[in-house]
There are 4 protein chains.
Amino acid sequence: MNDLSGQNKDISPSFVSDYMEGAHPEVMKRLLETNLERGAAYGADGYSESARAKIRKACNAPDAQIYFLSGGTQTNAVVIDTLIAPYQGVVGAASAHINTHEAGAVEFCGHKVLSVPAKDGKLCAQSVRELMEEWLSDESREHVVMPGMVYVSHPTELGTLYTPAELKEISGVCRKYGLKLYLDGARMAYALGCPANELTLAEIAELCDAFYIGGAKCGALFGEAAVFPKGSVQSFTTILKQHGALFAKGKVIGTQFDALFTDGLYERIGRKANETAEKLKAVFAAKGVELAAPSPTNQVFVLLTQEQLDRLAPQVGFSRWAPVQDGRWIVRFAVNWATSDEEIAKLAELL
Amino acid sequence: MNDLSGQNKDISPSFVSDYMEGAHPEVMKRLLETNLERGAAYGADGYSESARAKIRKACNAPDAQIYFLSGGTQTNAVVIDTLIAPYQGVVGAASAHINTHEAGAVEFCGHKVLSVPAKDGKLCAQSVRELMEEWLSDESREHVVMPGMVYVSHPTELGTLYTPAELKEISGVCRKYGLKLYLDGARMAYALGCPANELTLAEIAELCDAFYIGGAKCGALFGEAAVFPKGSVQSFTTILKQHGALFAKGKVIGTQFDALFTDGLYERIGRKANETAEKLKAVFAAKGVELAAPSPTNQVFVLLTQEQLDRLAPQVGFSRWAPVQDGRWIVRFAVNWATSDEEIAKLAELL
Amino acid sequence: MNDLSGQNKDISPSFVSDYMEGAHPEVMKRLLETNLERGAAYGADGYSESARAKIRKACNAPDAQIYFLSGGTQTNAVVIDTLIAPYQGVVGAASAHINTHEAGAVEFCGHKVLSVPAKDGKLCAQSVRELMEEWLSDESREHVVMPGMVYVSHPTELGTLYTPAELKEISGVCRKYGLKLYLDGARMAYALGCPANELTLAEIAELCDAFYIGGAKCGALFGEAAVFPKGSVQSFTTILKQHGALFAKGKVIGTQFDALFTDGLYERIGRKANETAEKLKAVFAAKGVELAAPSPTNQVFVLLTQEQLDRLAPQVGFSRWAPVQDGRWIVRFAVNWATSDEEIAKLAELL
Amino acid sequence: MNDLSGQNKDISPSFVSDYMEGAHPEVMKRLLETNLERGAAYGADGYSESARAKIRKACNAPDAQIYFLSGGTQTNAVVIDTLIAPYQGVVGAASAHINTHEAGAVEFCGHKVLSVPAKDGKLCAQSVRELMEEWLSDESREHVVMPGMVYVSHPTELGTLYTPAELKEISGVCRKYGLKLYLDGARMAYALGCPANELTLAEIAELCDAFYIGGAKCGALFGEAAVFPKGSVQSFTTILKQHGALFAKGKVIGTQFDALFTDGLYERIGRKANETAEKLKAVFAAKGVELAAPSPTNQVFVLLTQEQLDRLAPQVGFSRWAPVQDGRWIVRFAVNWATSDEEIAKLAELL
């Protein structure tokens with residue numbers, strides 16, 4: 001097996017990603033407590049129902065249809081394929097996850113990803129408007145992929161956050177041009193648990209046609225919650241099955257989201273990680289390491305020289321993101337609920 | 001949410017399916033013990049490596065490539081789509097899971113399922129031979145879907161088992177005609193833990209091009225192990241990602257299979273359930289209820305009259321399979337490691 | 001190149017298929033006359049508009065949307081993929097062209113073909129009703145491909161014809177269960193030009209959601225006319241383009257259909273061939289050769305012994321259809337507007 | 001029907017596209033002469049064989065497999081889908097036809113189009129090299145679409161031509177990195193008939209894994225010839241059928257290519273159009289209209305002001321290509337074998 005991330009796997013401290021551990025202890029506790037209980041399959045069990053009720057409440061979306069899936073790429077591909085027509089494409093930032101690190105899962109379902117430029121990982125309403133005006137004014141537009149949806153992620157792939165005004169403007173453009181709006185919330189906990197964040201789940205539910213609340217990167221053992229805030233998606237269980245995405249033991253994911261949406265656990269998980277990320281940023285600042293993106297959440301992007309990279313690589317886990325013009329690299333350090341202060345201290349020492 | 005199985009969900013005893021609980025306690029224990037350990041993502045962690053080593057040994061297949069997926073339909077669709085050419089079809093029994101209860105997941109990947117008749121859920125070599133001879137002698141065969149693979153399940157959807165001689169003959173026909181052979185082992189534990197079973201994992205590995213060892217229905221919290229016994233499948237991680245089937249926290253499934261393949265747990269789980277199934281069959285026999293299929297494993301198929309169905313339905317969980325000519329129904333009662341003798345006794349009483 | 005039909009290719013008389021010549025002379029004449037005229041591309045030219053107007057009139061369907069495509073399998077695949085949801089399947093006779101000789105083109109678009117038994121190539125309303133009732137009563141129907149359309153061909157693959165009552169009943173069942181009805185009219189001319197036929201284009205347009213009027217097998221150089229009798233299909237030009245099925249020089253097909261629907265040419269072409277087929281059947285009857293299907297149209301299916309086959313094969317072109325139990329073969333002899341009486345006479349002699 | 005090009009359809013002179021007429025008279029003559037002859041279907045007829053022999057000779061590729069298809073987008077989609085693995089993508093210029101005006105036909109087959117910048121419509125070897133180096137050095141490359149092929153068009157969408165050195169360098173990069181090289185020759189006649197062109201069919205056949213020789217835009221009634229110069233593509237007839245792209249009356253396209261490759265007709269058609277294009281460019285130069293691309297072939301791209309556009313639009317047919325920063329438009333004027341000197345003169349007058 002070709003283990004691309006393997007070079008760092010036994011290293012501590014490790015900031016390679018935010019999904020290297022199992023579940024947050026409170027989630028694991030619930031899984032254990034309910035382990036022997038029987039539940040109807042495919043999400044029809046009581047824990048899934050309870051989790052759905054809590055999510056609906058958190059989203060102020062009493063009619064929301066909510067489904068639990070086992071992975072983020074899967075969720076993106078199935079939701080996009082469900083909400084747009086087979087001949088439509090999905091508009092995303094050049095840096096969007098669906099456009100970069102999903103191995104063409106959206107294209108596998110037959111849809112083109114239409115790239116627009118992004119700033120700090122954020123797509124802007126104006127670029128969607130321009131794309132639509134260009135398409136509409138094109139004499140040959142019947143031969144050009146029809147845009148059907150806008151995809152945003154919050155936090156973005158660079159850890160940045162949309163403001164309510166920004167998302168409102170994007171949503172307005174979408175409605176004007178008949179586009180669906182879909183928000184990838186793989187790391188939603190880090191948005192909700194961020195003091196700088198002003199976008200609530202209720203606003204997201206109001207502005208978007210669909211979104212997902214991430215579990216795997218936010219304290220769950222695994223699992224994601226796809227939300228259609230206005231309901232009305234037909235045959236989604238069949239669509240999930242057809243895509244190989246219908247999880248048999250729905251209870252196992254439902255129980256976790258039930259725990260995550262109890263006593264504010266989901267936000268707490270995000271907040272704790274963001275606080276750790278602030279400490280990390282302070283360490284970098286103290287060492288004169290420049291930030292590569294203004295992320296207020298749990299992913300910290302910095303610029304390291306090749307020399308710094310070579311020196312750190314044997315002792316610390318991180319992800320090389322991309323090289324930049326001056327020879328430095330954009331490098332990602334990710335933290336989560338399980339990252340300890342000792343690890344931050346050790347990194348400071350190594351720097 | 002339209003809960004098709006919901007009518008029985010709070011009923012005890014319930015024999016609706018073998019995947020209503022969480023994990024077998026020994027599996028859960030390992031998940032808990034390793035929960036806070038970090039592991040490289042996407043199956044590159046140590047527990048996944050350990051599980052792979054144990055499975056390779058159990059299969060006597062030192063070169064096997066092994067991948068952990070989160071669901072059975074997903075595994076079938078991805079493996080089939082990987083091993084056959086895009087223009088080929090897969091041959092399966094009319095009752096094959098891919099042909100009935102997977103919502104067209106194989107067709108979603110572009111492949112036709114070519115049905116052949118089955119007896120007690122088992123496809124026979126002769127019908128594959130006839131299909132191939134018919135195709136080869138067809139003047140228009142370039143216009144007919146080219147068969148590329150044979151799909152069998154073991155145990156079958158009716159709980160029956162292939163003998164080594166039967167699978168050997170099917171494998172021989174496949175090799176003669178250049179077909180891949182794939183075995184769906186969603187309930188493999190019940191085969192391995194069945195005294196009547198003579199087919200070992202090593203033989204399956206020798207005879208098949210791919211197979212999967214089921215977790216979700218066999219004591220795992222969830223997860224399946226896809227095995228390519230001769231290795232040599234290229235870019236499968238990318239293929240998984242493209243299909244939305246690459247599980248991020250590989251460690252979580254790897255740990256479970258590591259536990260299942262330690263101290264014979266996997267077989268023990270199957271054996272226990274099969275013994276319970278024997279008790280269940282004895283109950284039916286005592287009450288004069290006829291068996292609908294000669295299943296020696298954990299799924300018991302019986303013929304119930306409409307009157308019996310109506311009487312039992314409010315008090316016992318089970319699955320209606322199909323009506324038969326004389327007005328009776330084929331009904332499935334499934335047991336697993338968690339089914340108790342008390343439940344069997346209660347069913348006996350209700351009958 | 002592996003030429004499967006090649007064994008007979010230089011033989012005369014040849015009854016291998018009804019699409020071995022170019023265009024009927026009246027069609028060719030119009031192509032020649034209009035050859036140097038310019039027309040807007042993609043079907044927006046005047047000849048295509050004129051052809052559409054004539055077809056709308058013949059179908060008594062003033063709102064019909066009509067598109068010209070270059071092949072039959074292409075038309076079937078695109079229309080089916082357009083009218084049903086991505087997760088739905090299409091119901092067809094076991095002998096349906098989409099189920100046998102289209103190399104899985106429907107599955108390539110992601111849809112399962114749901115087979116029902118047929119008699120003389122004709123599917124019956126009752127088998128659709130049973131399929132739907134079985135699906136609706138299935139507790140697991142969310143896991144089973146949802147039927148979305150019924151496919152019929154008229155004439156069928158065996159040259160037989162639906163009566164208005166039969167198609168009306170099928171259409172009624174479709175409407176009751178929310179299924180689309182699609183009719184493959186690859187050989188429609190032979191139905192319209194058949195004294196036994198009672199089904200008019202207007203009735204077909206009333207009963208079906210879509211159908212196509214075949215050109216290639218009915219006197220055109222090539223080309224098929226897809227008809228949505230009630231209009232209202234959105235973005236079909238884009239869908240065609242996406243499927244590689246948008247024909248650039250629409251004028252070339254439009255001109256042909258304009259000719260075919262002028263002065264009753266289309267029906268005349270069919271009538272002439274059917275009359276020739278009657279002569280052919282008389283020859284077979286005189287020689288004691290049994291018919292294999294009650295076809296009143298241009299395809300004649302007979303039962304030949306192996307000895308007859310071997311004797312005829314070097315001197316006459318025909319198509320082996322399928323072997324039957326008693327060792328004989330079902331053999332197809334196809335005639336068209338270009339088949340001469342001399343050829344019939346020569347066959348009589350050879351028999 | 002929404003006729004996007006319709007605004008100009010009755011206008012003369014018209015330079016809207018190079019595929020508004022039927023066939024070149026010499027092609028039409030052959031179609032007429034052979035119209036009543038019978039030929040085996042699906043390309044197994046003698047005329048198709050003869051055309052293939054002539055193309056093999058012109059390409060100096062005795063082992064070439066050659067297939068006749070009915071459209072260019074279809075040819076691109078099927079050939080790309082055949083030559084790359086299902087999980088691979090195809091690299092093309094941002095302006096590549098597959099990336100812009102094919103409505104996502106490549107994505108419909110599951111493949112991502114990987115855009116690289118282009119200059120005057122031409123992709124350069126260096127940008128492919130950079131893309132591959134970036135992919136290879138990406139730690140997460142298993143999650144990124146694997147490049148599998150490079151797509152170029154010759155002439156390009158802007159009418160420009162690759163030099164032998166440029167294509168050789170691209171081919172070298174492809175072979176180094178294991179990429180297939182595919183050349184879209186929709187307008188190949190205009191390259192072959194251009195004094196500035198140095199790239200022969202034999203060189204293209206040597207450097208590419210596949211290419212197509214365009215008919216519809218180069219004097220044929222319709223039809224394209226897909227060439228695999230080294231042969232060895234398996235089951236392509238079945239693949240064509242599965243994609244709805246197997247043309248039944250192969251003879252009809254074969255006859256045309258037989259005519260086009262007789263007595264240098266194909267090149268003559270291109271040369272005549274290029275000469276006319278030169279006259280057109282002279283007219284523009286005389287009027288001070290700036291060229292927008294250095295096209296030496298039959299498509300002339302100029303920059304027109306909005307005022308010029310508005311004035312010409314009611315009287316001349318052309319295609320608006322794209323607006324540019326300064327308010328002007330890139331406008332395409334296309335000529336072909338049928339464009340007359342009178343039309344050029346009339347345009348000069350109108351300008």
# chains A, B, ... in the order shown; residues from 1 in each chain; ligands from 1

$ select_by_dssp --residues "segment 37-271 of chain B" --states "strand (DSSP E)" --output "ChimeraX atom specification"
/B:65-69,88-93,113-116,146-153,180-185,210-214,224-228

$ interface_residues --of "chain B" --to "chain A" --cutoff "8 Å" --atoms "only C-alpha atoms" --output "CSV table (one decimal) with C-alpha atoms, in the first residue's frame"
chain,number,residue,atom,x,y,z
B,1,MET,CA,-38.7,9.5,6.8
B,3,ASP,CA,-39.3,3.7,7.6
B,5,SER,CA,-38.9,-1.8,8.4
B,6,GLY,CA,-40.3,0.4,11.2
B,9,LYS,CA,-38.8,-1.7,15.5
B,19,TYR,CA,-27.3,-5.8,12.0
B,20,MET,CA,-29.5,-4.1,14.6
B,21,GLU,CA,-27.0,-4.0,17.5
B,22,GLY,CA,-23.6,-2.2,17.7
B,23,ALA,CA,-20.4,-4.2,17.9
B,28,MET,CA,-16.1,-2.6,21.1
B,32,LEU,CA,-12.4,1.8,23.2
B,34,THR,CA,-7.4,2.4,21.0
B,35,ASN,CA,-9.7,5.3,20.8
B,36,LEU,CA,-7.2,8.0,21.7
B,37,GLU,CA,-4.3,6.7,19.7
B,38,ARG,CA,-3.5,8.5,16.6
B,39,GLY,CA,-3.2,6.7,13.3
B,40,ALA,CA,-2.3,7.7,9.8
B,41,ALA,CA,-5.5,8.2,7.8
B,44,ALA,CA,-2.1,3.5,6.6
B,45,ASP,CA,-2.2,3.1,10.4
B,65,GLN,CA,-4.3,-6.3,-1.2
B,70,SER,CA,-17.8,1.2,5.2
B,71,GLY,CA,-20.6,-0.8,3.6
B,72,GLY,CA,-21.4,-3.9,1.6
B,73,THR,CA,-23.2,-2.4,-1.4
B,74,GLN,CA,-20.4,0.1,-1.7
B,75,THR,CA,-17.9,-2.7,-1.7
B,77,ALA,CA,-20.1,-1.7,-6.6
B,102,GLU,CA,-28.8,-2.6,-4.1
B,103,ALA,CA,-31.0,-0.1,-5.8
B,104,GLY,CA,-29.1,-0.4,-9.1
B,105,ALA,CA,-25.7,0.5,-7.6
B,106,VAL,CA,-23.9,-1.7,-10.2
B,108,PHE,CA,-25.0,3.3,-11.6
B,216,ALA,CA,-21.3,-5.1,9.8
B,221,LEU,CA,-19.7,-1.9,14.5
B,222,PHE,CA,-19.5,-1.5,10.8
B,238,THR,CA,-8.0,6.7,-5.9
B,239,ILE,CA,-10.8,4.5,-7.3
B,241,LYS,CA,-12.0,8.1,-3.4
B,242,GLN,CA,-13.6,8.7,-6.8
B,243,HIS,CA,-16.5,6.4,-5.7
B,244,GLY,CA,-16.9,8.3,-2.4
B,245,ALA,CA,-15.8,5.0,-0.7
B,246,LEU,CA,-12.4,5.9,0.8
B,247,PHE,CA,-12.9,5.8,4.6
B,248,ALA,CA,-10.9,8.6,6.2
B,249,LYS,CA,-10.3,7.1,9.7
B,252,VAL,CA,-11.5,2.6,13.1
B,338,ALA,CA,-26.7,-11.1,20.4

$ residues_around --residues "Glu275 of chain D" --least-positions-apart "3" --cutoff "9 Å" --atoms "only C-alpha atoms" --output "JSON, numbers by chain"
{"D": [194, 270, 271, 272, 278, 279, 280, 297, 298]}

$ residues_around --residues "segment 267-269 of chain D" --least-positions-apart "4" --cutoff "7 Å" --atoms "only C-alpha atoms" --output "PDB file with all heavy atoms, in the first residue's frame"
ATOM      1  N   ALA D 189      -8.737  19.090 -42.498  1.00  0.00           N
ATOM      2  CA  ALA D 189      -8.537  19.467 -43.909  1.00  0.00           C
ATOM      3  C   ALA D 189      -7.890  20.842 -44.025  1.00  0.00           C
ATOM      4  O   ALA D 189      -7.061  21.081 -44.906  1.00  0.00           O
ATOM      5  CB  ALA D 189      -9.874  19.460 -44.647  1.00  0.00           C
ATOM      6  N   LEU D 192      -4.177  20.382 -43.303  1.00  0.00           N
ATOM      7  CA  LEU D 192      -3.475  19.711 -44.402  1.00  0.00           C
ATOM      8  C   LEU D 192      -3.409  20.585 -45.649  1.00  0.00           C
ATOM      9  O   LEU D 192      -2.455  20.509 -46.416  1.00  0.00           O
ATOM     10  CB  LEU D 192      -4.151  18.378 -44.718  1.00  0.00           C
ATOM     11  CG  LEU D 192      -4.177  17.364 -43.569  1.00  0.00           C
ATOM     12  CD1 LEU D 192      -4.840  16.066 -44.022  1.00  0.00           C
ATOM     13  CD2 LEU D 192      -2.769  17.083 -43.037  1.00  0.00           C
ATOM     14  N   GLY D 193      -4.426  21.422 -45.815  1.00  0.00           N
ATOM     15  CA  GLY D 193      -4.455  22.280 -46.993  1.00  0.00           C
ATOM     16  C   GLY D 193      -3.896  23.670 -46.729  1.00  0.00           C
ATOM     17  O   GLY D 193      -4.239  24.617 -47.434  1.00  0.00           O
ATOM     18  N   CYS D 218     -15.472  19.511 -43.060  1.00  0.00           N
ATOM     19  CA  CYS D 218     -14.454  19.467 -44.115  1.00  0.00           C
ATOM     20  C   CYS D 218     -14.985  18.854 -45.402  1.00  0.00           C
ATOM     21  O   CYS D 218     -14.255  18.145 -46.103  1.00  0.00           O
ATOM     22  CB  CYS D 218     -13.244  18.675 -43.630  1.00  0.00           C
ATOM     23  SG  CYS D 218     -12.494  19.298 -42.122  1.00  0.00           S
ATOM     24  N   GLY D 219     -16.241  19.060 -45.718  1.00  0.00           N
ATOM     25  CA  GLY D 219     -16.733  18.628 -47.021  1.00  0.00           C
ATOM     26  C   GLY D 219     -17.616  17.399 -47.029  1.00  0.00           C
ATOM     27  O   GLY D 219     -18.267  17.100 -48.031  1.00  0.00           O
ATOM     28  N   ALA D 273     -10.650  26.675 -48.990  1.00  0.00           N
ATOM     29  CA  ALA D 273     -11.202  27.478 -47.904  1.00  0.00           C
ATOM     30  C   ALA D 273     -10.148  28.406 -47.314  1.00  0.00           C
ATOM     31  O   ALA D 273     -10.418  29.578 -47.011  1.00  0.00           O
ATOM     32  CB  ALA D 273     -11.773  26.562 -46.821  1.00  0.00           C
ATOM     33  N   TRP D 337     -15.391  25.358 -48.389  1.00  0.00           N
ATOM     34  CA  TRP D 337     -15.292  25.148 -49.841  1.00  0.00           C
ATOM     35  C   TRP D 337     -16.414  25.854 -50.600  1.00  0.00           C
ATOM     36  O   TRP D 337     -16.279  26.137 -51.794  1.00  0.00           O
ATOM     37  CB  TRP D 337     -15.323  23.651 -50.153  1.00  0.00           C
ATOM     38  CG  TRP D 337     -16.527  22.957 -49.556  1.00  0.00           C
ATOM     39  CD1 TRP D 337     -16.581  22.381 -48.320  1.00  0.00           C
ATOM     40  CD2 TRP D 337     -17.819  22.805 -50.133  1.00  0.00           C
ATOM     41  NE1 TRP D 337     -17.827  21.877 -48.069  1.00  0.00           N
ATOM     42  CE2 TRP D 337     -18.614  22.113 -49.183  1.00  0.00           C
ATOM     43  CE3 TRP D 337     -18.406  23.172 -51.350  1.00  0.00           C
ATOM     44  CZ2 TRP D 337     -19.961  21.790 -49.403  1.00  0.00           C
ATOM     45  CZ3 TRP D 337     -19.736  22.847 -51.566  1.00  0.00           C
ATOM     46  CH2 TRP D 337     -20.502  22.170 -50.599  1.00  0.00           C
TER      47      TRP D 337
END

$ closest_residue --among "C:Lys176, C:His154, C:Arg311, C:Arg332" --to "Leu201 of chain C" --atoms "only C-alpha atoms"
C:His154

$ residues_around --residues "Tyr212 of chain C" --least-positions-apart "2" --cutoff "9 Å" --atoms "only C-alpha atoms" --output "PyMOL selection string"
chain C and resi 72+75-76+182-186+188+210+214+224-228

$ write_last_selection --atoms "N, CA and C atoms" --output "short mmCIF file (atom, residue, chain, number, x, y, z; two decimals), in the first residue's frame"
data_model
loop_
_atom_site.label_atom_id
_atom_site.label_comp_id
_atom_site.auth_asym_id
_atom_site.auth_seq_id
_atom_site.Cartn_x
_atom_site.Cartn_y
_atom_site.Cartn_z
N GLY C 72 -30.54 4.82 -33.53
CA GLY C 72 -31.63 4.32 -32.70
C GLY C 72 -31.22 4.04 -31.26
N THR C 75 -30.86 7.22 -29.58
CA THR C 75 -32.15 7.82 -29.26
C THR C 75 -32.76 7.16 -28.03
N ASN C 76 -32.75 5.85 -27.99
CA ASN C 76 -33.30 5.16 -26.82
C ASN C 76 -32.59 5.60 -25.54
N TYR C 182 -42.71 4.90 -23.23
CA TYR C 182 -41.85 5.25 -24.36
C TYR C 182 -41.95 4.15 -25.42
N LEU C 183 -42.12 4.55 -26.65
CA LEU C 183 -42.27 3.60 -27.75
C LEU C 183 -41.14 3.76 -28.76
N ASP C 184 -40.45 2.67 -29.00
CA ASP C 184 -39.34 2.62 -29.95
C ASP C 184 -39.92 2.28 -31.32
N GLY C 185 -39.90 3.26 -32.20
CA GLY C 185 -40.47 3.06 -33.53
C GLY C 185 -39.40 2.97 -34.60
N ALA C 186 -38.35 2.22 -34.31
CA ALA C 186 -37.25 2.09 -35.28
C ALA C 186 -37.78 1.67 -36.65
N MET C 188 -41.15 1.98 -37.60
CA MET C 188 -42.52 2.48 -37.60
C MET C 188 -43.18 2.43 -38.99
N ALA C 210 -43.16 9.65 -24.93
CA ALA C 210 -42.15 9.88 -25.96
C ALA C 210 -42.14 8.69 -26.88
N GLY C 214 -38.56 5.94 -36.79
CA GLY C 214 -37.29 5.51 -37.33
C GLY C 214 -37.07 5.91 -38.78
N GLU C 224 -33.17 9.51 -37.06
CA GLU C 224 -34.36 9.12 -36.32
C GLU C 224 -35.00 10.40 -35.78
N ALA C 225 -36.31 10.39 -35.62
CA ALA C 225 -37.02 11.56 -35.11
C ALA C 225 -37.61 11.24 -33.74
N ALA C 226 -37.03 11.86 -32.70
CA ALA C 226 -37.55 11.67 -31.34
C ALA C 226 -38.68 12.66 -31.10
N VAL C 227 -39.80 12.16 -30.62
CA VAL C 227 -40.98 13.00 -30.45
C VAL C 227 -41.42 12.99 -28.97
N PHE C 228 -41.53 14.17 -28.40
CA PHE C 228 -42.15 14.32 -27.08
C PHE C 228 -43.50 14.97 -27.34
#

$ select_by_dssp --residues "segment 10-145 of chain A" --states "helix (DSSP H, G or I)" --output "PyMOL selection string"
chain A and resi 25-33+46-58+72-83+97-100+105-108+125-137+141-143

$ residues_around --residues "Thr276 of chain C" --least-positions-apart "5" --cutoff "9 Å" --atoms "only C-alpha atoms" --output "list in words"
Arg271, Lys281, Asn298, Val335, Asn336, Trp337, Thr339, Ser340, Asp341 and Ile344 of chain C

$ closest_residue --among "B:Ser140, B:Thr156, B:Ser48, B:Gln126" --to "Ala94 of chain B" --atoms "only C-alpha atoms"
B:Thr156

$ residues_around --residues "Ala205 of chain A" --least-positions-apart "6" --cutoff "10 Å" --atoms "only C-alpha atoms" --output "list of chain:residue names"
A:Arg56, A:Ala58, A:Cys59, A:Asn60, A:Ala61, A:Ala64, A:Leu183, A:Phe211, A:Val227, A:Phe228, A:Pro229, A:Lys230

$ write_last_selection --atoms "C-alpha atoms" --output "tab-separated table (two decimals), in the first residue's frame"
chain	number	residue	atom	x	y	z
A	56	ARG	CA	-33.54	20.52	13.33
A	58	ALA	CA	-30.21	23.86	16.21
A	59	CYS	CA	-30.93	24.82	12.59
A	60	ASN	CA	-34.33	26.28	13.33
A	61	ALA	CA	-35.52	24.10	10.48
A	64	ALA	CA	-35.43	19.58	7.52
A	183	LEU	CA	-22.42	24.29	1.95
A	211	PHE	CA	-25.41	21.48	3.74
A	227	VAL	CA	-29.31	18.44	5.91
A	228	PHE	CA	-31.94	19.54	3.41
A	229	PRO	CA	-33.37	22.38	5.47
A	230	LYS	CA	-36.59	22.73	3.50

$ closest_residue --among "A:Cys208, A:Val90, A:Met132, A:Ile170" --to "Tyr151 of chain A" --atoms "only C-alpha atoms"
A:Val90

$ atom_distance --atom1 "atom CA of Asn99 of chain B" --atom2 "atom CA of Val113 of chain B"
6.5 Å
